[in-house]
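Visitor: Next up, entry.tsv (TSV, C-alpha atoms).
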```tsv
chain	number	residue	atom	x	y	z
G	1339	MET	CA	117.54	70.47	-164.46
G	1340	SER	CA	114.97	72.10	-162.26
G	1341	GLN	CA	112.33	69.66	-163.48
G	1342	ALA	CA	114.55	66.76	-162.47
G	1343	ILE	CA	114.96	68.21	-159.02
G	1344	TYR	CA	111.22	68.59	-158.53
G	1345	GLU	CA	110.62	65.10	-159.88
G	1346	ASP	CA	112.97	63.59	-157.26
G	1347	VAL	CA	111.01	65.09	-154.37
G	1348	PRO	CA	108.10	62.86	-153.33
G	1349	PRO	CA	104.73	64.62	-153.06
G	1350	ASN	CA	104.06	63.38	-149.49
G	1351	SER	CA	107.27	64.93	-148.14
G	1352	THR	CA	106.47	68.21	-149.90
G	1353	SER	CA	102.98	68.38	-148.41
G	1354	SER	CA	104.20	67.40	-144.95
G	1355	SER	CA	106.96	69.99	-145.04
G	1356	LEU	CA	104.48	72.65	-146.16
G	1357	PHE	CA	102.08	71.66	-143.38
G	1358	GLY	CA	104.86	71.72	-140.80
G	1359	ALA	CA	106.03	75.12	-141.96
G	1360	ALA	CA	102.50	76.47	-141.89
G	1361	SER	CA	101.86	75.12	-138.39
G	1362	GLN	CA	105.15	76.53	-137.11
G	1363	ALA	CA	104.36	79.92	-138.65
G	1364	PHE	CA	100.89	79.90	-137.08
G	1365	CYS	CA	102.28	78.98	-133.64
G	1366	GLY	CA	104.96	81.65	-133.99
G	1367	ARG	CA	102.36	84.30	-134.79
G	1368	CYS	CA	100.21	83.18	-131.86
G	1369	ARG	CA	103.17	83.39	-129.49
G	1370	LYS	CA	104.13	86.84	-130.76
G	1371	PHE	CA	100.59	88.03	-130.11
G	1372	LYS	CA	100.65	90.06	-126.90
G	1373	ARG	CA	97.67	89.71	-124.65
G	1374	LYS	CA	96.32	92.75	-122.86
G	1375	ASP	CA	94.30	90.91	-120.22
G	1376	HIS	CA	97.16	89.69	-118.02
G	1377	GLN	CA	95.38	90.49	-114.78
G	1378	CYS	CA	92.25	88.60	-115.77
G	1379	GLN	CA	94.35	85.70	-117.06
G	1380	ALA	CA	96.29	85.54	-113.78
G	1381	PHE	CA	93.04	85.62	-111.81
G	1382	VAL	CA	91.52	82.78	-113.82
G	1383	ARG	CA	94.76	80.77	-113.46
G	1384	ARG	CA	94.63	81.20	-109.67
G	1385	VAL	CA	91.01	80.08	-109.67
G	1386	ILE	CA	91.80	76.95	-111.69
G	1387	ARG	CA	94.74	76.02	-109.46
G	1388	SER	CA	92.93	76.69	-106.20
G	1389	HIS	CA	91.91	73.82	-103.92
G	1390	LEU	CA	88.31	75.07	-103.87
G	1391	PHE	CA	88.00	74.69	-107.64
G	1392	GLN	CA	89.44	71.17	-107.50
G	1393	ILE	CA	87.04	70.22	-104.70
G	1394	ILE	CA	84.11	71.56	-106.73
G	1395	MET	CA	85.14	69.55	-109.81
G	1396	ILE	CA	85.72	66.34	-107.84
G	1397	SER	CA	82.38	66.74	-106.04
G	1398	THR	CA	80.57	67.44	-109.31
G	1399	VAL	CA	81.98	64.39	-111.10
G	1400	SER	CA	81.38	62.14	-108.09
G	1401	LEU	CA	77.79	63.34	-107.70
G	1402	ASN	CA	77.15	62.82	-111.41
G	1403	ALA	CA	78.55	59.28	-111.17
G	1404	PHE	CA	76.24	58.57	-108.22
G	1405	LEU	CA	73.22	59.93	-110.13
G	1406	THR	CA	74.21	57.79	-113.12
G	1407	VAL	CA	73.98	54.74	-110.86
G	1408	LEU	CA	70.48	55.80	-109.78
G	1409	TRP	CA	69.56	56.47	-113.40
G	1410	THR	CA	69.97	52.77	-114.23
G	1411	SER	CA	66.81	52.03	-112.23
G	1412	TYR	CA	63.72	52.68	-114.35
G	1413	GLU	CA	61.54	53.36	-111.32
G	1414	ILE	CA	63.92	55.96	-109.85
G	1415	ARG	CA	64.47	57.48	-113.30
G	1416	TYR	CA	60.70	57.96	-113.70
G	1417	ARG	CA	60.28	59.51	-110.24
G	1418	LEU	CA	63.34	61.81	-110.34
G	1419	TYR	CA	63.18	62.73	-114.01
G	1420	ARG	CA	63.38	66.49	-113.36
G	1421	VAL	CA	66.25	66.04	-110.91
G	1422	PHE	CA	68.24	64.13	-113.50
G	1423	GLU	CA	67.57	66.80	-116.11
G	1424	ILE	CA	68.67	69.66	-113.85
G	1425	SER	CA	71.76	67.80	-112.64
G	1426	GLU	CA	72.71	67.02	-116.23
G	1427	ILE	CA	72.44	70.68	-117.22
G	1428	ILE	CA	74.56	71.71	-114.23
G	1429	PHE	CA	77.19	69.06	-114.95
G	1430	VAL	CA	77.47	69.99	-118.63
G	1431	SER	CA	77.67	73.68	-117.74
G	1432	ILE	CA	80.45	73.13	-115.20
G	1433	CYS	CA	82.50	70.93	-117.56
G	1434	THR	CA	82.11	73.40	-120.41
G	1435	SER	CA	83.09	76.29	-118.13
G	1436	GLU	CA	86.17	74.40	-116.99
G	1437	PHE	CA	87.19	73.78	-120.59
G	1438	ALA	CA	86.65	77.43	-121.53
G	1439	MET	CA	88.63	78.68	-118.51
G	1440	LYS	CA	91.60	76.41	-119.21
G	1441	VAL	CA	91.69	77.33	-122.89
G	1442	TYR	CA	91.44	81.01	-121.98
G	1443	VAL	CA	94.42	80.75	-119.60
G	1444	ASP	CA	96.69	78.90	-122.04
G	1445	PRO	CA	95.17	78.52	-125.52
G	1446	ILE	CA	98.30	76.95	-127.11
G	1447	ASP	CA	99.91	74.72	-124.48
G	1448	TYR	CA	96.51	73.41	-123.39
G	1449	TRP	CA	96.39	71.06	-126.36
G	1450	LYS	CA	99.84	69.61	-125.56
G	1451	ASP	CA	98.77	68.01	-122.28
G	1452	GLY	CA	97.44	64.45	-122.49
G	1453	TYR	CA	95.06	64.91	-119.55
G	1454	ASN	CA	93.58	68.00	-121.18
G	1455	MET	CA	92.98	65.97	-124.33
G	1456	LEU	CA	91.23	63.40	-122.14
G	1457	ASP	CA	88.93	66.17	-120.88
G	1458	VAL	CA	88.20	67.22	-124.46
G	1459	PHE	CA	87.41	63.60	-125.39
G	1460	ILE	CA	85.02	63.28	-122.44
G	1461	LEU	CA	83.40	66.60	-123.32
G	1462	ILE	CA	82.76	65.32	-126.86
G	1463	ILE	CA	81.24	62.13	-125.42
G	1464	ILE	CA	78.95	64.23	-123.22
G	1465	PHE	CA	77.53	66.09	-126.24
G	1466	ILE	CA	77.06	62.98	-128.43
G	1467	PRO	CA	73.57	62.06	-127.07
G	1468	TYR	CA	72.32	65.62	-127.56
G	1469	LEU	CA	73.62	65.72	-131.13
G	1470	LEU	CA	72.04	62.35	-131.96
G	1471	HIS	CA	68.77	63.45	-130.42
G	1472	LYS	CA	68.75	66.62	-132.53
G	1473	ILE	CA	69.94	65.04	-135.79
G	1474	LYS	CA	68.60	61.47	-135.78
G	1475	GLY	CA	65.64	61.85	-133.46
G	1476	LYS	CA	64.71	60.32	-130.12
G	1477	HIS	CA	64.21	56.76	-131.43
G	1478	TYR	CA	67.61	56.34	-133.07
G	1479	PRO	CA	68.60	52.63	-132.69
G	1480	TYR	CA	72.17	53.37	-131.53
G	1481	HIS	CA	71.14	56.00	-129.00
G	1482	ASN	CA	71.56	53.51	-126.14
G	1483	ILE	CA	75.24	53.08	-127.06
G	1484	ALA	CA	75.75	56.84	-126.78
G	1485	GLU	CA	74.11	56.76	-123.35
G	1486	GLY	CA	76.19	53.76	-122.28
G	1487	ILE	CA	79.52	55.43	-123.00
G	1488	GLN	CA	78.53	58.27	-120.64
G	1489	SER	CA	80.06	56.09	-117.93
G	1490	LEU	CA	83.43	57.42	-119.16
G	1491	ARG	CA	82.60	60.73	-117.46
G	1492	ILE	CA	84.12	59.44	-114.25
G	1493	LEU	CA	87.53	59.54	-115.98
G	1494	LYS	CA	87.51	63.29	-115.35
G	1495	LEU	CA	88.69	62.44	-111.82
G	1496	ILE	CA	92.06	61.29	-113.18
G	1497	PRO	CA	93.60	64.77	-113.69
G	1498	TYR	CA	92.70	65.69	-110.10
G	1499	SER	CA	94.31	62.62	-108.49
G	1500	ARG	CA	98.09	62.44	-108.44
G	1501	GLY	CA	98.04	58.84	-107.26
G	1502	ILE	CA	96.02	57.69	-110.25
G	1503	ARG	CA	98.25	59.70	-112.58
G	1504	THR	CA	101.28	57.98	-111.05
G	1505	LEU	CA	99.80	54.56	-111.80
G	1506	ILE	CA	98.93	55.62	-115.34
G	1507	THR	CA	102.50	56.81	-115.82
G	1508	ALA	CA	103.75	53.44	-114.58
G	1509	VAL	CA	101.47	51.64	-117.03
G	1510	GLY	CA	102.67	53.90	-119.85
G	1511	GLN	CA	106.30	53.12	-119.04
G	1512	THR	CA	105.62	49.38	-119.25
G	1513	VAL	CA	104.11	49.52	-122.75
G	1514	TYR	CA	107.20	48.35	-124.63
G	1515	THR	CA	108.17	45.69	-122.09
G	1516	VAL	CA	104.61	44.40	-121.79
G	1517	ALA	CA	104.30	44.37	-125.59
G	1518	SER	CA	107.39	42.17	-125.78
G	1519	VAL	CA	106.02	39.77	-123.16
G	1520	LEU	CA	102.63	39.61	-124.89
G	1521	THR	CA	104.31	39.01	-128.24
G	1522	LEU	CA	106.19	36.05	-126.80
G	1523	LEU	CA	102.96	34.77	-125.25
G	1524	PHE	CA	101.19	35.08	-128.61
G	1525	VAL	CA	103.99	33.15	-130.33
G	1526	LEU	CA	103.72	30.44	-127.67
G	1527	MET	CA	99.94	30.27	-128.08
G	1528	TYR	CA	100.30	30.15	-131.88
G	1529	ILE	CA	102.66	27.18	-131.66
G	1530	PHE	CA	100.45	25.28	-129.19
G	1531	ALA	CA	97.28	26.20	-131.12
G	1532	ILE	CA	98.62	24.62	-134.32
G	1533	LEU	CA	99.89	21.66	-132.32
G	1534	GLY	CA	96.58	21.22	-130.44
G	1535	PHE	CA	94.56	21.50	-133.65
G	1536	CYS	CA	96.65	18.79	-135.26
G	1537	LEU	CA	96.57	16.49	-132.21
G	1538	PHE	CA	93.07	16.96	-130.79
G	1539	GLY	CA	91.05	18.53	-133.63
G	1540	ILE	CA	90.87	15.52	-135.92
G	1541	VAL	CA	87.47	14.78	-137.41
G	1542	GLU	CA	87.20	11.11	-136.44
G	1543	ASN	CA	87.67	11.16	-132.64
G	1544	GLY	CA	88.73	14.71	-131.84
G	1545	ASP	CA	87.36	17.40	-129.51
G	1546	LEU	CA	85.84	19.59	-132.20
G	1547	ASN	CA	84.12	21.90	-129.68
G	1548	ASN	CA	87.42	23.05	-128.22
G	1549	TRP	CA	90.06	22.21	-130.86
G	1550	GLY	CA	88.06	22.03	-134.09
G	1551	SER	CA	89.54	25.23	-135.59
G	1552	LEU	CA	92.43	27.59	-135.02
G	1553	ALA	CA	90.13	30.20	-133.41
G	1554	LEU	CA	88.69	27.60	-131.00
G	1555	SER	CA	92.21	26.42	-130.20
G	1556	PHE	CA	93.27	29.98	-129.31
G	1557	PHE	CA	90.24	30.42	-127.07
G	1558	THR	CA	90.90	27.09	-125.34
G	1559	LEU	CA	94.55	27.97	-124.79
G	1560	PHE	CA	93.51	31.30	-123.28
G	1561	SER	CA	91.38	29.36	-120.77
G	1562	LEU	CA	94.36	27.12	-120.01
G	1563	ALA	CA	96.66	30.15	-119.58
G	1564	THR	CA	94.30	31.66	-117.01
G	1565	VAL	CA	93.90	28.20	-115.38
G	1566	ASP	CA	90.13	28.62	-115.64
G	1567	GLY	CA	88.34	25.29	-116.00
G	1568	TRP	CA	91.41	23.50	-117.31
G	1569	THR	CA	90.41	20.30	-115.48
G	1570	ASN	CA	87.18	20.07	-117.48
G	1571	LEU	CA	89.09	20.55	-120.73
G	1572	GLN	CA	91.53	17.84	-119.70
G	1573	GLU	CA	88.71	15.43	-118.77
G	1574	GLN	CA	87.22	15.81	-122.26
G	1575	LEU	CA	90.61	14.94	-123.78
G	1576	ASP	CA	91.03	11.97	-121.42
G	1577	MET	CA	87.61	10.64	-122.45
G	1578	ARG	CA	88.92	10.42	-126.05
G	1579	ASN	CA	92.11	8.60	-124.94
G	1580	PHE	CA	94.67	11.14	-126.19
G	1581	THR	CA	97.95	9.92	-124.74
G	1582	LEU	CA	99.86	13.22	-125.13
G	1583	SER	CA	97.05	15.43	-123.80
G	1584	ARG	CA	98.34	15.65	-120.21
G	1585	VAL	CA	101.89	16.43	-121.29
G	1586	PHE	CA	100.51	19.07	-123.67
G	1587	THR	CA	98.32	20.69	-120.97
G	1588	ILE	CA	100.97	20.68	-118.23
G	1589	ALA	CA	103.66	22.06	-120.55
G	1590	PHE	CA	101.47	24.90	-121.77
G	1591	ILE	CA	100.26	25.84	-118.25
G	1592	LEU	CA	103.85	25.88	-116.95
G	1593	LEU	CA	105.06	28.10	-119.80
G	1594	ALA	CA	102.06	30.40	-120.18
G	1595	SER	CA	100.70	30.78	-116.65
G	1596	PHE	CA	103.71	30.25	-114.38
G	1597	ILE	CA	106.31	32.01	-116.54
G	1598	PHE	CA	104.84	34.54	-118.99
G	1599	LEU	CA	101.90	35.77	-116.92
G	1600	ASN	CA	104.05	36.05	-113.79
G	1601	MET	CA	106.65	37.87	-115.88
G	1602	PHE	CA	103.92	40.28	-116.98
G	1603	VAL	CA	102.84	40.89	-113.38
G	1604	GLY	CA	106.47	41.32	-112.26
G	1605	VAL	CA	107.16	43.96	-114.91
G	1606	MET	CA	104.06	45.89	-113.87
G	1607	ILE	CA	105.05	45.75	-110.19
G	1608	MET	CA	108.62	46.92	-110.90
G	1609	HIS	CA	107.52	49.93	-112.91
G	1610	THR	CA	104.80	50.76	-110.41
G	1611	GLU	CA	107.33	50.78	-107.55
G	1612	ASP	CA	109.64	53.04	-109.55
G	1613	SER	CA	106.79	55.43	-110.27
G	1614	ILE	CA	105.73	55.46	-106.61
G	1615	LYS	CA	109.29	56.23	-105.49
G	1616	LYS	CA	109.50	59.03	-108.04
G	1617	PHE	CA	106.15	60.35	-106.82
G	1618	GLU	CA	107.40	60.33	-103.21
G	1619	ARG	CA	110.56	62.19	-104.21
G	1620	GLU	CA	108.47	64.83	-105.98
G	1621	LEU	CA	106.26	65.21	-102.91
G	1622	LYS	CA	109.30	65.58	-100.67
G	1623	LEU	CA	110.77	68.20	-102.98
G	1624	GLU	CA	107.50	70.11	-103.06
G	1625	ARG	CA	107.33	70.09	-99.26
G	1626	GLN	CA	110.89	71.39	-99.03
G	1627	VAL	CA	110.11	74.17	-101.51
G	1628	THR	CA	106.96	75.08	-99.56
G	1629	LEU	CA	108.90	75.11	-96.29
G	1630	MET	CA	111.59	77.32	-97.79
G	1631	GLU	CA	108.94	79.75	-99.03
G	1632	GLU	CA	107.38	79.85	-95.56
G	1633	LYS	CA	110.79	80.51	-94.02
G	1634	GLN	CA	111.45	83.33	-96.44
G	1635	VAL	CA	108.09	84.89	-95.59
G	1636	ILE	CA	108.81	84.60	-91.85
G	1637	LEU	CA	112.29	86.08	-92.20
G	1638	LYS	CA	110.96	88.95	-94.29
G	1639	ARG	CA	108.23	89.70	-91.77
G	1640	GLN	CA	110.61	89.55	-88.82
G	1641	GLN	CA	113.10	91.77	-90.60
G	1642	GLU	CA	110.36	94.30	-91.27
G	1643	GLU	CA	109.33	94.17	-87.61
G	1644	VAL	CA	112.93	94.72	-86.49
G	1645	ASP	CA	113.34	97.66	-88.85
G	1646	ARG	CA	110.09	99.16	-87.62
G	1647	LEU	CA	111.09	98.73	-83.97
G	1648	MET	CA	114.52	100.24	-84.63
G	1649	LYS	CA	112.88	103.28	-86.17
G	1650	THR	CA	110.52	103.47	-83.21
G	1651	GLN	CA	113.46	103.31	-80.78
G	1652	SER	CA	115.30	106.05	-82.62
G	1653	ASN	CA	112.22	108.27	-82.70
G	1654	VAL	CA	110.72	107.56	-79.29
G	1655	GLY	CA	113.93	106.76	-77.45
G	1656	LYS	CA	113.06	103.38	-75.96
G	1657	SER	CA	115.67	101.18	-74.29
G	1658	PHE	CA	117.00	97.97	-75.80
G	1659	SER	CA	115.09	95.81	-73.29
G	1660	GLU	CA	111.83	97.50	-74.23
G	1661	LEU	CA	112.68	96.98	-77.88
G	1662	VAL	CA	113.20	93.25	-77.28
G	1663	GLU	CA	109.90	92.97	-75.41
G	1664	ASP	CA	108.09	94.68	-78.27
G	1665	PHE	CA	109.71	92.31	-80.75
G	1666	LYS	CA	108.63	89.30	-78.69
G	1667	LYS	CA	105.04	90.42	-78.99
G	1668	THR	CA	105.28	90.20	-82.80
G	1669	LEU	CA	106.38	86.52	-82.76
G	1670	ARG	CA	103.85	83.77	-83.31
G	1671	HIS	CA	103.71	80.31	-81.77
G	1672	THR	CA	102.90	78.77	-85.15
G	1673	ASP	CA	106.07	80.11	-86.78
G	1674	PRO	CA	108.76	77.42	-87.30
G	1675	MET	CA	112.27	78.18	-86.10
G	1676	VAL	CA	114.41	79.33	-88.99
G	1677	LEU	CA	117.86	77.94	-88.20
G	1678	ASP	CA	119.05	76.63	-91.57
G	1679	ASP	CA	122.20	78.39	-92.85
G	1680	PHE	CA	122.29	80.40	-89.64
G	1681	GLY	CA	124.07	78.24	-87.10
G	1682	THR	CA	126.88	77.57	-89.61
G	1683	SER	CA	127.51	81.21	-90.55
G	1684	LEU	CA	130.77	82.84	-89.43
G	1685	PRO	CA	129.14	85.86	-87.71
G	1686	PHE	CA	126.98	83.54	-85.64
G	1687	ILE	CA	129.96	81.39	-84.65
G	1688	ASP	CA	131.94	84.51	-83.70
G	1689	VAL	CA	129.10	85.82	-81.55
G	1690	TYR	CA	128.53	82.41	-80.01
G	1691	LEU	CA	132.20	81.96	-79.06
G	1692	SER	CA	132.43	85.46	-77.61
G	1693	THR	CA	129.28	84.73	-75.61
G	1694	LEU	CA	130.88	81.57	-74.22
G	1695	ASP	CA	133.98	83.56	-73.25
G	1696	ASN	CA	131.88	86.14	-71.43
G	1697	GLN	CA	129.98	83.36	-69.76
G	1698	ASP	CA	133.25	81.77	-68.53
G	1699	ASN	CA	134.48	85.11	-67.20
G	1700	THR	CA	131.22	85.65	-65.40
G	1701	VAL	CA	131.36	82.18	-63.84
G	1702	ASN	CA	134.96	82.78	-62.65
G	1703	LYS	CA	134.03	86.08	-61.08
G	1704	LEU	CA	131.06	84.50	-59.35
G	1705	GLN	CA	133.30	81.74	-57.97
G	1706	GLU	CA	135.75	84.34	-56.60
G	1707	LEU	CA	132.86	86.18	-55.00
G	1708	TYR	CA	131.61	82.96	-53.40
G	1709	TYR	CA	135.10	82.24	-52.03
G	1710	GLU	CA	135.27	85.71	-50.50
G	1711	ILE	CA	131.85	85.30	-48.93
G	1712	VAL	CA	132.81	81.93	-47.46
G	1713	ASN	CA	136.06	83.42	-46.09
G	1714	VAL	CA	134.19	86.27	-44.44
G	1715	LEU	CA	131.71	83.85	-42.90
G	1716	CYS	CA	134.55	81.73	-41.51
G	1717	LEU	CA	136.16	84.77	-39.90
G	1718	MET	CA	132.84	85.77	-38.42
G	1719	LEU	CA	132.42	82.28	-36.93
G	1720	GLU	CA	135.91	82.46	-35.41
G	1721	ASP	CA	135.15	85.81	-33.76
G	1722	LEU	CA	131.88	84.59	-32.21
G	1723	PRO	CA	133.49	82.56	-29.31
G	1724	LYS	CA	135.74	85.49	-28.37
G	1725	GLU	CA	132.79	87.86	-28.21
G	1726	LYS	CA	130.85	85.39	-26.07
G	1727	SER	CA	133.73	84.96	-23.60
G	1728	GLN	CA	134.18	88.72	-23.27
G	1729	ALA	CA	130.46	89.13	-22.67
G	1730	LEU	CA	130.58	86.48	-19.88
G	1731	GLN	CA	133.53	88.14	-18.19
G	1732	ARG	CA	131.69	91.44	-18.12
G	1733	LEU	CA	128.69	89.79	-16.52
G	1734	GLU	CA	130.87	88.20	-13.81
G	1735	GLU	CA	132.57	91.48	-12.98
G	1736	LYS	CA	129.23	93.11	-12.52
```
Could I get this structure in the form of structure tokens?
Guide:
Amino acid sequence: MSQAIYEDVPPNSTSSSLFGAASQAFCGRCRKFKRKDHQCQAFVRRVIRSHLFQIIMISTVSLNAFLTVLWTSYEIRYRLYRVFEISEIIFVSICTSEFAMKVYVDPIDYWKDGYNMLDVFILIIIFIPYLLHKIKGKHYPYHNIAEGIQSLRILKLIPYSRGIRTLITAVGQTVYTVASVLTLLFVLMYIFAILGFCLFGIVENGDLNNWGSLALSFFTLFSLATVDGWTNLQEQLDMRNFTLSRVFTIAFILLASFIFLNMFVGVMIMHTEDSIKKFERELKLERQVTLMEEKQVILKRQQEEVDRLMKTQSNVGKSFSELVEDFKKTLRHTDPMVLDDFGTSLPFIDVYLSTLDNQDNTVNKLQELYYEIVNVLCLMLEDLPKEKSQALQRLEEK
């Protein structure tokens, strides 16, 4: 019975399940392992995420790309041979240090990121010429290919550019849709290739250079789909008096170029716009989070200043006006005004309404005072003529 059970299990599934169990057990043991260098790990993580480190990496890759352009000139390569050697050593050292630092910070999750795997692939490409030089010698015939693929080093700029990563994400999202469009285009080209071979690839009077085989027919149709030199191809068919050649050419160009290729471009544009909108939303969210963190820091600092001033007032015995003046000195012109969730709170509304009431009472009292002043002035003006007349009478009696 047990033999029958083991016979029903295929060997591939058994090996895959054993491998999966072993990998899960290894990852579990690695995660249970407690590191004792948390401070050093946090420091290295801050260094990797800092803007200075990113600027150094971008500058290094860009300078290496520029030197690679100069390296293509034999005259400059001969004159600046030592400069190229030193720059190559520095570039390899920096890339290797970056890889070691990232693996040190997160040795397990590092291998789950696609951009990290791109860095590993580029690092392997960087070391290929050195390995070939050591193993096969300097005059290995395929050494120039290893030097040519060093142009892929510039791809190290991709992880440091969010815009490029957004476009790559858009391209990745269009894989299935683009594959469907390309499959339909291939089916269309297959049909027209067989048809063109049968119509224009005949031995007696056919265009054997363009339609003589199925491979040549595919290549010719690709030229027609890109509308590159299609008039010359059509002239060669007209010279052989093929009556259906123009209908064939126009039909294929309409279907392949005006429909399928435009459909391909439209799908790419749609997914790119969606990725750009998503990227803008992420940037807006990051700015809001950063602003909230700044507000929290400002509120915490102001609260600490208020607490300190209150303790100073209680110890020294300063007045409230002096306390306010001291608090004003702690404010900064660069600090944004923190008003969110403050103007809508019930304590603020209560204080604001009571302040308006006090303001109304003050205005009413001031108006009453003004009326009294005006009344007194009017009475004084009425008494002035009487005092003048009495003064004149006294002068006349004298």
Visitor: Can you check which parts of segment 1414-1464 of chain G lie within 10 Å of segment 1494-1500 of chain G? Per residue, the shortest pair of atoms and distance in Å to one decimal, counting all atoms listed in the file, sorted by chain and number, as a tab-separated table.
Guide:
```
residue	atom	partner	partner_atom	distance
G:Cys1433	CA	G:Lys1494	CA	9.4
G:Gly1452	CA	G:Pro1497	CA	9.6
G:Tyr1453	CA	G:Pro1497	CA	6.0
G:Asn1454	CA	G:Pro1497	CA	8.2
G:Leu1456	CA	G:Lys1494	CA	7.7
G:Asp1457	CA	G:Lys1494	CA	6.4
G:Val1458	CA	G:Lys1494	CA	9.9
G:Ile1460	CA	G:Lys1494	CA	7.5
G:Leu1461	CA	G:Lys1494	CA	9.6
```
Visitor: Smallest atom-to-atom distance to Thr1558 of chain G: which of G:Thr1406, G:Gln1626, G:Thr1587, G:Ser1518, using all atoms listed in the file?
Guide: G:Thr1587
Visitor: What is the atom CA of Arg1646 of chain G-atom CA of Lys1633 of chain G distance in Å, reported with one decimal?
Guide: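 Between atom CA of Arg1646 of chain G and atom CA of Lys1633 of chain G the gap works out to 19.7 Å.
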Visitor: I need the residue nearest Asp1612 of chain G from this list: G:Ala1403, G:Ile1473, G:Leu1552, G:Thr1507. Use all atoms listed in the file for the distance.
Guide: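 Closest candidate: G:Thr1507.
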Visitor: Which residues, written as a list in words, have at least one atom at most 8 Å from Met1601 of chain G, with only C-alpha atoms counted and residues fewer than 4 positions away on the same chain left out?
Guide: Val1519, Ile1597 and Val1605 of chain G
Visitor: Pull C-alpha atoms from the residues just selected and write them as an mmCIF file, in the frame of the given file.
Guide:
```cif
data_model
loop_
_atom_site.group_PDB
_atom_site.id
_atom_site.type_symbol
_atom_site.label_atom_id
_atom_site.label_comp_id
_atom_site.auth_asym_id
_atom_site.auth_seq_id
_atom_site.Cartn_x
_atom_site.Cartn_y
_atom_site.Cartn_z
ATOM 1 C CA VAL G 1519 106.020 39.770 -123.160
ATOM 2 C CA ILE G 1597 106.310 32.010 -116.540
ATOM 3 C CA VAL G 1605 107.160 43.960 -114.910
#
```
Visitor: May I ask for the distance between atom CA of Ile1466 of chain G and atom CA of Phe1429 of chain G, given in Å to one decimal place?
Guide: 14.8 Å
Visitor: Can you pull out the residues contacting Phe1590 of chain G? Cut-off 8 Å, using only C-alpha atoms, and skip same-chain residues under 4 positions away; I want them as a PyMOL selection string.
Guide: chain G and resi 1530+1562-1563+1586+1594-1595
Visitor: Using C-alpha atoms, can you write the selected residues to a file as a tab-separated table (two decimals), in the coordinates of the input?
Guide:
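Heads up, here's the output in result.tsv:
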```
chain	number	residue	atom	x	y	z
G	1530	PHE	CA	100.45	25.28	-129.19
G	1562	LEU	CA	94.36	27.12	-120.01
G	1563	ALA	CA	96.66	30.15	-119.58
G	1586	PHE	CA	100.51	19.07	-123.67
G	1594	ALA	CA	102.06	30.40	-120.18
G	1595	SER	CA	100.70	30.78	-116.65
```
Visitor: Which of these, G:Lys1703, G:Arg1491, G:His1477, G:Lys1472, has the shortest distance to Thr1398 of chain G once you count only C-alpha atoms?
Guide: G:Arg1491
Visitor: Suppose you want the space between atom CA of Tyr1528 of chain G and atom CA of Trp1568 of chain G; what is it in Å?
Guide: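 Value for the atom CA of Tyr1528 of chain G-atom CA of Trp1568 of chain G distance: 18.3 Å.
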Visitor: With 5 Å on each side, where is the centre of the axis-aligned box around all listed atoms of segment 1522-1535 of chain G, and how long are its edges in Å to one decimal, as JSON?
Guide:
```
{"center_x": 100.4, "center_y": 28.6, "center_z": -129.8, "size_x": 21.6, "size_y": 24.8, "size_z": 19.1}
```
